[in-house]
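As stored in run_15.txt (compact mmCIF, C-alpha atoms):
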```txt
# COMPACT_ATOMS: atom_id res chain seq x y z
CA MET G 1 -154.31 48.50 114.06
CA ALA G 2 -154.27 52.31 113.93
CA GLU G 3 -153.22 52.49 117.58
CA LYS G 4 -150.39 50.05 116.86
CA ASN G 5 -149.15 52.18 113.94
CA VAL G 6 -149.18 55.31 116.11
CA ALA G 7 -147.24 53.48 118.82
CA LEU G 8 -144.66 52.26 116.30
CA ALA G 9 -144.26 55.79 114.90
CA ALA G 10 -143.77 57.19 118.39
CA ASP G 11 -141.17 54.51 119.22
CA ALA G 12 -139.33 55.24 115.97
CA ALA G 13 -139.30 58.97 116.73
CA CYS G 14 -137.84 58.32 120.19
CA ALA G 15 -135.14 56.07 118.76
CA ALA G 16 -134.19 58.43 115.93
CA PRO G 17 -130.99 60.47 116.20
CA GLU G 18 -131.39 64.19 116.64
CA ILE G 19 -130.00 67.05 114.60
CA THR G 20 -129.90 70.79 115.23
CA LEU G 21 -131.48 73.26 112.84
CA GLU G 22 -129.73 76.58 113.34
CA ARG G 23 -130.96 80.03 112.30
CA VAL G 24 -134.55 79.02 111.68
CA ASN G 25 -137.27 81.64 111.06
CA VAL G 26 -134.71 84.25 110.08
CA ALA G 27 -136.06 87.73 109.36
CA PRO G 28 -134.83 89.36 106.10
CA ALA G 29 -133.38 92.32 108.02
CA GLN G 30 -131.08 91.39 110.89
CA THR G 31 -131.50 93.73 113.87
CA TRP G 32 -131.48 93.64 117.66
CA ASN G 33 -128.77 90.99 117.89
CA ARG G 34 -128.29 91.73 121.58
CA LEU G 35 -131.90 90.73 122.33
CA ARG G 36 -131.59 87.54 120.23
CA THR G 37 -134.74 88.14 118.24
CA ASN G 38 -133.41 87.33 114.77
CA ASP G 39 -133.96 83.55 114.71
CA ILE G 40 -134.48 80.37 116.71
CA THR G 41 -132.51 77.12 116.98
CA LEU G 42 -134.45 73.85 117.07
CA THR G 43 -133.51 70.24 117.81
CA VAL G 44 -135.42 67.75 115.65
CA PRO G 45 -135.31 63.99 115.01
CA ALA G 46 -133.65 62.62 111.88
CA ARG G 47 -135.32 59.36 110.93
CA GLY G 48 -133.68 57.35 108.18
CA ARG G 49 -135.73 56.84 104.99
CA LYS G 50 -133.49 54.28 103.32
CA GLY G 51 -135.51 52.12 100.97
CA ASP G 52 -138.61 54.35 101.02
CA VAL G 53 -140.17 55.38 97.72
CA TYR G 54 -140.84 59.12 97.99
CA PHE G 55 -143.10 61.09 95.66
CA ALA G 56 -141.62 64.55 95.11
CA LEU G 57 -143.63 67.62 94.26
CA PRO G 58 -143.28 69.16 90.77
CA ARG G 59 -140.05 71.14 90.49
CA LEU G 60 -141.99 74.36 90.09
CA PHE G 61 -142.53 74.34 93.88
CA GLU G 62 -138.78 74.48 94.51
CA GLY G 63 -138.88 78.19 93.65
CA VAL G 64 -141.47 79.01 96.33
CA GLU G 65 -139.92 80.77 99.33
CA CYS G 66 -141.03 79.30 102.66
CA GLY G 67 -141.17 81.20 105.93
CA MET G 68 -139.01 78.93 108.08
CA GLY G 69 -136.18 78.80 105.59
CA ARG G 70 -134.40 76.32 103.33
CA GLU G 71 -132.99 74.20 106.13
CA VAL G 72 -136.45 73.34 107.46
CA THR G 73 -137.73 72.68 103.92
CA ASP G 74 -134.89 70.20 103.32
CA TRP G 75 -135.50 68.53 106.68
CA VAL G 76 -139.24 68.09 106.03
CA GLU G 77 -138.60 66.67 102.55
CA SER G 78 -136.17 64.16 104.09
CA GLN G 79 -138.55 63.15 106.89
CA ALA G 80 -141.98 63.09 105.23
CA VAL G 81 -143.22 59.63 104.28
CA ASP G 82 -144.63 61.08 101.07
CA ALA G 83 -145.57 64.36 99.41
CA ARG G 84 -149.11 65.33 98.46
CA TYR G 85 -149.92 67.36 95.35
CA VAL G 86 -153.34 68.93 94.74
CA GLU G 87 -154.35 70.93 91.67
CA VAL G 88 -157.48 73.06 91.39
CA PRO G 89 -158.50 73.37 87.72
CA ARG G 90 -158.73 76.72 85.98
CA GLY G 91 -161.90 78.73 86.58
CA THR G 92 -163.36 76.29 89.12
CA ARG G 93 -164.38 76.67 92.76
CA ARG G 94 -163.44 73.70 94.91
CA GLU G 95 -166.18 73.24 97.51
CA GLU G 96 -164.38 70.64 99.63
CA PRO G 97 -161.47 72.01 101.68
CA ILE G 98 -157.98 70.64 101.11
CA VAL G 99 -157.20 69.36 104.62
CA VAL G 100 -153.72 68.61 105.95
CA CYS G 101 -153.93 66.74 109.27
CA VAL G 102 -150.80 66.43 111.39
CA ASP G 103 -150.75 64.30 114.55
CA ALA G 104 -148.27 65.99 116.87
CA GLY G 105 -148.30 63.07 119.30
CA ALA G 106 -147.27 60.62 116.58
CA GLY G 107 -144.59 62.93 115.17
CA ASP G 108 -146.22 63.31 111.75
CA VAL G 109 -144.38 65.25 109.04
CA ALA G 110 -146.42 66.48 106.06
CA ASP G 111 -145.21 67.91 102.74
CA THR G 112 -147.99 69.45 100.64
CA GLY G 113 -148.10 71.40 97.39
CA VAL G 114 -151.24 73.08 96.04
CA MET G 115 -151.59 74.57 92.56
CA VAL G 116 -154.58 76.91 92.19
CA ARG G 117 -154.98 77.59 88.50
CA GLU G 118 -156.04 80.87 86.91
CA GLY G 119 -159.39 82.15 88.19
CA ALA G 120 -159.90 79.18 90.55
CA GLU G 121 -160.85 79.28 94.23
CA ALA G 122 -159.88 76.87 97.02
CA THR G 123 -159.82 76.52 100.80
CA ILE G 124 -156.81 74.93 102.51
CA VAL G 125 -156.84 73.81 106.16
CA VAL G 126 -153.82 72.75 108.22
CA ALA G 127 -154.86 71.10 111.51
CA ALA G 128 -151.91 70.17 113.72
CA GLY G 129 -152.43 68.80 117.19
CA ALA G 130 -152.68 65.75 119.40
CA ASP G 131 -155.68 63.80 120.71
CA GLU G 132 -154.10 63.84 124.15
CA LYS G 133 -152.65 67.28 124.84
CA ASP G 134 -150.50 65.84 127.66
CA GLY G 135 -149.32 62.86 125.63
CA GLU G 136 -145.87 61.74 124.57
CA ALA G 137 -143.21 64.29 123.70
CA GLY G 138 -142.46 64.50 120.01
CA THR G 139 -141.81 66.71 117.00
CA SER G 140 -144.27 67.20 114.16
CA ALA G 141 -144.13 69.44 111.11
CA SER G 142 -146.10 70.69 108.14
CA LEU G 143 -144.62 72.19 104.98
CA LEU G 144 -147.18 73.82 102.68
CA ARG G 145 -146.37 75.44 99.33
CA VAL G 146 -149.07 77.16 97.28
CA ILE G 147 -148.97 78.67 93.80
CA ALA G 148 -151.93 80.94 93.08
CA GLU G 149 -152.11 81.87 89.41
CA ALA G 150 -153.67 85.02 87.97
CA GLY G 151 -157.07 85.83 89.45
CA ALA G 152 -157.00 82.87 91.85
CA HIS G 153 -158.49 83.14 95.34
CA VAL G 154 -157.04 81.09 98.22
CA HIS G 155 -158.45 80.77 101.74
CA LEU G 156 -155.86 79.36 104.15
CA HIS G 157 -156.73 78.28 107.71
CA GLU G 158 -154.00 77.12 110.10
CA TYR G 159 -154.74 75.57 113.50
CA VAL G 160 -152.00 74.44 115.88
CA ALA G 161 -152.90 72.95 119.28
CA ALA G 162 -150.12 70.64 120.45
CA GLY G 163 -149.35 69.34 123.93
CA ALA G 164 -147.15 71.00 126.51
CA ASP G 165 -144.31 68.53 125.80
CA GLN G 166 -144.63 68.59 122.02
CA GLN G 167 -142.85 70.60 119.35
CA HIS G 168 -144.42 71.64 116.05
CA LEU G 169 -142.88 73.31 112.98
CA GLU G 170 -145.20 75.04 110.52
CA SER G 171 -143.66 76.43 107.32
CA VAL G 172 -145.71 78.01 104.53
CA GLY G 173 -144.80 79.56 101.20
CA ILE G 174 -147.22 81.21 98.75
CA THR G 175 -146.66 82.81 95.35
CA CYS G 176 -149.42 85.04 93.95
CA GLY G 177 -149.92 85.95 90.32
CA ARG G 178 -151.68 88.97 88.81
CA ASP G 179 -154.94 89.86 90.61
CA ALA G 180 -154.62 86.82 92.89
CA ARG G 181 -155.96 87.13 96.41
CA VAL G 182 -155.07 85.21 99.57
CA ASP G 183 -156.72 85.45 102.96
CA VAL G 184 -155.03 83.69 105.86
CA HIS G 185 -156.47 82.79 109.28
CA GLN G 186 -153.93 81.50 111.80
CA TYR G 187 -154.81 80.18 115.26
CA LEU G 188 -151.83 79.14 117.38
CA LEU G 189 -153.37 77.61 120.49
CA GLY G 190 -150.52 76.06 122.39
CA GLY G 191 -147.63 73.62 122.31
CA GLY G 192 -144.37 73.20 124.18
CA THR G 193 -142.55 74.83 121.25
CA VAL G 194 -144.43 76.12 118.22
CA ALA G 195 -142.41 77.66 115.39
CA LEU G 196 -144.31 79.09 112.45
CA GLY G 197 -142.84 80.66 109.34
CA PHE G 198 -144.92 82.22 106.59
CA ALA G 199 -143.72 83.78 103.33
CA CYS G 200 -145.86 85.28 100.59
CA ASP G 201 -144.64 86.74 97.30
CA LEU G 202 -147.10 89.15 95.70
CA ALA G 203 -145.42 88.71 92.34
CA GLY G 204 -148.22 89.88 90.07
CA ASP G 205 -149.78 93.32 89.76
CA ARG G 206 -152.74 94.00 92.09
CA ALA G 207 -152.17 90.80 94.09
CA ARG G 208 -153.35 91.02 97.70
CA ILE G 209 -152.97 89.21 101.02
CA ASP G 210 -155.07 89.67 104.18
CA LEU G 211 -153.61 87.83 107.16
CA GLY G 212 -155.03 87.54 110.66
CA CYS G 213 -153.12 85.67 113.36
CA ARG G 214 -154.48 84.92 116.84
CA TYR G 215 -152.36 83.13 119.41
CA HIS G 216 -152.28 81.96 123.02
CA ALA G 217 -149.32 80.69 125.02
CA GLY G 218 -149.20 79.81 128.71
CA GLY G 219 -147.06 77.94 131.20
CA ALA G 220 -143.50 77.68 129.88
CA GLU G 221 -144.53 77.41 126.22
CA VAL G 222 -142.41 78.94 123.46
CA LEU G 223 -143.98 80.55 120.40
CA ASP G 224 -141.78 81.76 117.53
CA ILE G 225 -143.35 83.43 114.47
CA ASN G 226 -141.65 84.78 111.36
CA GLU G 227 -143.79 86.19 108.55
CA VAL G 228 -142.57 87.85 105.37
CA VAL G 229 -144.54 89.47 102.56
CA ARG G 230 -142.57 90.51 99.48
CA GLN G 231 -144.42 92.90 97.22
CA HIS G 232 -142.98 92.74 93.71
CA GLY G 233 -146.05 93.63 91.65
CA ARG G 234 -147.50 97.09 91.12
CA ASN G 235 -150.46 98.20 93.24
CA THR G 236 -150.20 95.16 95.50
CA ARG G 237 -151.69 95.21 99.00
CA SER G 238 -150.84 93.46 102.27
CA GLU G 239 -152.79 93.70 105.54
CA LEU G 240 -151.28 91.83 108.50
CA ALA G 241 -153.01 91.81 111.91
CA TYR G 242 -151.93 89.95 115.06
CA ASN G 243 -153.79 89.51 118.34
CA GLY G 244 -152.61 87.32 121.19
CA VAL G 245 -152.66 86.45 124.88
CA LEU G 246 -149.57 85.47 126.87
CA GLU G 247 -149.80 83.95 130.36
CA ASP G 248 -147.54 82.67 133.14
CA ALA G 249 -143.93 82.37 131.87
CA ALA G 250 -144.66 81.98 128.15
CA LYS G 251 -142.12 83.26 125.63
CA LYS G 252 -143.11 84.72 122.28
CA SER G 253 -141.12 86.21 119.41
CA LEU G 254 -142.86 87.76 116.42
CA ARG G 255 -140.93 88.95 113.37
CA THR G 256 -143.06 90.50 110.63
CA THR G 257 -141.55 91.97 107.47
CA ILE G 258 -143.18 93.79 104.58
CA ASP G 259 -140.68 94.11 101.73
CA LEU G 260 -141.63 96.79 99.21
CA VAL G 261 -139.37 95.73 96.36
CA HIS G 262 -138.00 98.06 93.69
CA GLY G 263 -140.58 98.39 90.92
CA ALA G 264 -143.62 97.79 93.14
CA LYS G 265 -145.12 101.20 92.44
CA GLY G 266 -148.40 101.90 94.17
CA ALA G 267 -147.89 99.06 96.68
CA GLN G 268 -149.29 99.40 100.20
CA GLY G 269 -148.57 97.38 103.31
CA ASN G 270 -149.80 97.55 106.91
CA GLU G 271 -148.95 95.43 109.93
CA ALA G 272 -150.21 95.76 113.51
CA GLU G 273 -150.17 93.67 116.68
CA THR G 274 -152.06 93.75 119.98
CA VAL G 275 -150.70 91.65 122.87
CA LEU G 276 -152.48 91.01 126.18
CA VAL G 277 -149.99 90.07 128.91
CA LEU G 278 -151.43 88.14 131.88
CA GLY G 279 -148.26 86.94 133.61
CA ASP G 280 -145.39 88.62 135.44
CA ASP G 281 -142.81 86.28 133.89
CA VAL G 282 -143.96 86.58 130.28
CA VAL G 283 -141.26 87.34 127.68
CA ASN G 284 -142.64 89.13 124.63
CA LYS G 285 -140.52 90.18 121.66
CA THR G 286 -142.04 91.94 118.67
CA LEU G 287 -140.02 93.02 115.65
CA PRO G 288 -142.18 94.72 112.98
CA THR G 289 -140.16 95.77 109.92
CA ILE G 290 -140.84 97.68 106.72
CA LEU G 291 -138.23 97.35 103.96
CA CYS G 292 -138.54 99.85 101.13
CA ASP G 293 -136.72 100.17 97.80
CA GLU G 294 -139.36 102.17 95.94
CA ASP G 295 -140.62 105.76 96.32
CA ASP G 296 -144.27 105.45 95.27
CA VAL G 297 -145.34 103.10 98.10
CA ALA G 298 -146.90 103.23 101.58
CA GLY G 299 -145.97 101.11 104.59
CA ASN G 300 -147.10 101.25 108.23
CA HIS G 301 -146.50 99.15 111.30
CA GLY G 302 -147.20 99.25 115.02
CA ALA G 303 -147.64 97.19 118.18
CA THR G 304 -149.71 97.61 121.35
CA ILE G 305 -148.75 95.67 124.46
CA GLY G 306 -150.56 95.79 127.79
CA SER G 307 -152.70 94.05 130.40
CA VAL G 308 -156.36 94.18 131.37
CA SER G 309 -157.14 97.74 132.45
CA PRO G 310 -158.37 98.54 135.99
CA GLU G 311 -161.57 99.95 134.48
CA GLN G 312 -162.30 96.67 132.71
CA LEU G 313 -161.57 94.66 135.86
CA ALA G 314 -163.83 96.92 137.94
CA PHE G 315 -166.65 96.56 135.43
CA LEU G 316 -166.38 92.77 135.38
CA ALA G 317 -166.04 92.64 139.17
CA SER G 318 -169.36 94.45 139.43
CA ARG G 319 -170.80 91.51 137.49
CA GLY G 320 -169.40 89.03 140.01
CA LEU G 321 -166.21 88.02 138.21
CA SER G 322 -162.85 87.72 139.94
CA ARG G 323 -159.65 88.88 138.26
CA GLU G 324 -158.84 85.27 137.29
CA ASP G 325 -162.31 84.79 135.80
CA ALA G 326 -162.05 88.04 133.89
CA GLU G 327 -158.68 87.12 132.39
CA ALA G 328 -159.99 83.67 131.48
CA LEU G 329 -162.76 85.34 129.48
CA PHE G 330 -160.22 86.98 127.17
CA VAL G 331 -158.50 83.65 126.59
CA ARG G 332 -161.74 81.79 126.00
CA ALA G 333 -162.89 84.41 123.49
CA LEU G 334 -159.85 83.57 121.35
CA TYR G 335 -160.69 79.85 121.34
CA GLU G 336 -164.36 80.50 120.62
CA ASP G 337 -163.37 82.68 117.67
CA ALA G 338 -161.22 79.84 116.34
CA LEU G 339 -164.08 77.37 116.78
CA MET G 340 -166.63 79.59 115.07
CA HIS G 341 -164.44 80.11 112.01
CA ALA G 342 -163.24 76.51 111.65
CA PRO G 343 -164.16 75.40 108.11
CA CYS G 344 -164.01 71.61 108.63
CA ASP G 345 -164.64 68.90 111.23
CA GLU G 346 -160.94 68.18 111.69
CA ALA G 347 -160.28 71.73 112.87
CA ARG G 348 -163.41 71.86 115.03
CA LEU G 349 -162.46 68.63 116.83
CA LEU G 350 -158.94 69.92 117.42
CA ILE G 351 -160.18 73.15 119.02
CA GLY G 352 -163.13 71.62 120.87
CA ASP G 353 -160.79 69.48 122.99
CA SER G 354 -158.99 72.55 124.34
CA PRO G 355 -159.26 72.85 128.15
CA GLN G 356 -159.95 76.58 127.78
CA LEU G 357 -163.36 75.57 126.42
CA THR G 358 -164.09 72.24 128.11
CA GLU G 359 -163.18 73.23 131.66
CA THR G 360 -165.76 76.00 131.74
CA PHE G 361 -168.44 73.70 130.36
CA ASP G 362 -167.66 71.12 133.05
CA GLU G 363 -168.56 73.70 135.69
CA GLY G 364 -172.14 73.70 134.48
CA GLU G 365 -172.16 76.46 131.94
CA GLU G 366 -174.13 75.79 128.75
CA ALA G 367 -172.05 74.96 125.68
```
Can you turn what I pasted into structure tokens?
Amino acid sequence: MAEKNVALAADAACAAPEITLERVNVAPAQTWNRLRTNDITLTVPARGRKGDVYFALPRLFEGVECGMGREVTDWVESQAVDARYVEVPRGTRREEPIVVCVDAGAGDVADTGVMVREGAEATIVVAAGADEKDGEAGTSASLLRVIAEAGAHVHLHEYVAAGADQQHLESVGITCGRDARVDVHQYLLGGGTVALGFACDLAGDRARIDLGCRYHAGGAEVLDINEVVRQHGRNTRSELAYNGVLEDAAKKSLRTTIDLVHGAKGAQGNEAETVLVLGDDVVNKTLPTILCDEDDVAGNHGATIGSVSPEQLAFLASRGLSREDAEALFVRALYEDALMHAPCDEARLLIGDSPQLTETFDEGEEA
């Protein structure tokens, strides 16, 4: 029965008319127009929902800024079968993760809102992928909005591993109250086109976000990332770190913005990226930006882009590894890191099916 439902969903997605979402993942500061790094245009299906009964999130979530922009938010709300609302009570620690599963092959669209009350703690996991990485072409999406009240602690894990012919949209918006803390772990592990937008508003004093993003793109895959942190509160802190591997003819655009808003005295923000390029036809675009409208603040950004050094290759060659084997080690390390830090079975199953892990095991190496 489940297989039949998936097949019907796939057929409906194929039959649905398509619309174009223009200026998606727009950075707050528009620069480098000539290099076309300011946004991305996406073509998505538009399935009719006439007659469906749709549960909408509380109106409070309408004020949460999402990374991919209003147009994507409206599209997801129009395409999702239903919306899911989860509330973590004040002063409690939720042991069970809040898991959002998105089947890229079936064209799933998820709309989720999470309210973490004052002093509460919760873990949220978004697992987006397909059982068959080379399955049917389709478009999937996840829209996640989180409100973290004063003193709340949120752990967010995002895993995207779609097929080479599949497109996935991942839009996240978080608002943080006084002394709230958010740590984010993003693993973008493939997909024909993966577009991720993340926005976080450190609205309360001493709110903090620590974000780590690891990504891999190969073949002709397209990866587009736009992440914005707005620091409104005093003595807020943002730490953004990116580490990725690009192979073959993959294309990646990364726009990161730290906005030190007027009145955010004592705020600090840092962003840094390291990119390993393993293909001659790779296209890598990185646009780190610091916006500042306050004098008593500190902001830093930087990017390092390069390939495996001759010294590293020589060292690994002395251990019997070819250049291809050595480069594969760097890619596999990224997937192993994702697997080790996966907080739930859904994420572990999604990563464990990746050929970067299974192919090596098939050659006789111990898992």
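In this model, the gap between CA of Arg90 (chain G) and CA of Gly119 (chain G) comes to 5.9 Å.
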Original post:
Could you tell me, as a ChimeraX atom specification, which residues have any atom at most 8 Å from (-158.7, 83.1, 100.3), counting all atoms listed in the file?
Top reply: /G:121-123,153-156,181-184
Got time to write the residues from that selection, C-alpha atoms, as a CSV table (one decimal), in the coordinates of the input?
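Printed below is out.csv as written:
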```
chain,number,residue,atom,x,y,z
G,121,GLU,CA,-160.8,79.3,94.2
G,122,ALA,CA,-159.9,76.9,97.0
G,123,THR,CA,-159.8,76.5,100.8
G,153,HIS,CA,-158.5,83.1,95.3
G,154,VAL,CA,-157.0,81.1,98.2
G,155,HIS,CA,-158.4,80.8,101.7
G,156,LEU,CA,-155.9,79.4,104.2
G,181,ARG,CA,-156.0,87.1,96.4
G,182,VAL,CA,-155.1,85.2,99.6
G,183,ASP,CA,-156.7,85.4,103.0
G,184,VAL,CA,-155.0,83.7,105.9
```
Original post:
Taking all atoms listed in the file into account, which of G:Leu278, G:Leu57, G:Val160, G:Cys292 comes nearest Val331 (chain G)?
Top reply: G:Leu278
Original post:
Separation of CA of Ala27 (chain G) and CA of Ile209 (chain G), in Å?
Top reply: 18.9 Å
Could you write out as lines of an AutoDock Vina configuration file the box around region 226-239 of chain G (axis-aligned, all atoms listed in the file, 5 Å on each side), with centre and edge lengths in Å to one decimal?
```
center_x = -147.2
center_y = 91.5
center_z = 101.2
size_x = 21.1
size_y = 23.4
size_z = 30.2
```
Original post:
Taking only C-alpha atoms into account, which of G:Leu254, G:Leu321, G:Val261, G:Cys66 comes nearest Ile40 (chain G)?
Top reply: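 Result for the nearest residue to Ile40 (chain G): G:Leu254.
Proximity ranking of G:Thr289, G:Thr193, G:Thr73, G:Thr304 relative to Ala250 (chain G) places G:Thr193 first, based on only C-alpha atoms.
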**OP:** Kindly indicate which residue among G:Met68, G:Val76, G:Ala264, G:Val126 lies nearest to Ile98 (chain G), using all atoms listed in the file for the distances.
**Re:**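 So, comparing all the options, the nearest one is G:Val126.
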Subject >> For Arg36 (chain G), the nearest of the candidates G:Leu287, G:Val88, G:Ala128, G:Leu329, counting all atoms listed in the file >> reply: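 Of G:Leu287, G:Val88, G:Ala128, G:Leu329, the one nearest Arg36 (chain G) is G:Leu287, counting all atoms listed in the file.
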Original post:
Do you have the CA of Gly138 (chain G)-CA of Arg49 (chain G) distance handy?
Top reply: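 Taking CA of Gly138 (chain G) as the start and CA of Arg49 (chain G) as the end point, the length is 18.2 Å.
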**OP:** For Ala110 (chain G), work out the shell of residues within 10 Å, counting all atoms listed in the file and skipping chain neighbours fewer than 4 positions away, then give it as an MDAnalysis selection string.
**Re:** chainID G and resid 76:77 79:84 100:103 126 140:144 170
**OP:** Name the closest residue to Thr31 (chain G) among the candidates G:Ser78, G:Ala46, G:Ile305, G:Arg255; distances are taken between atoms, counting all atoms listed in the file.
**Re:** G:Arg255
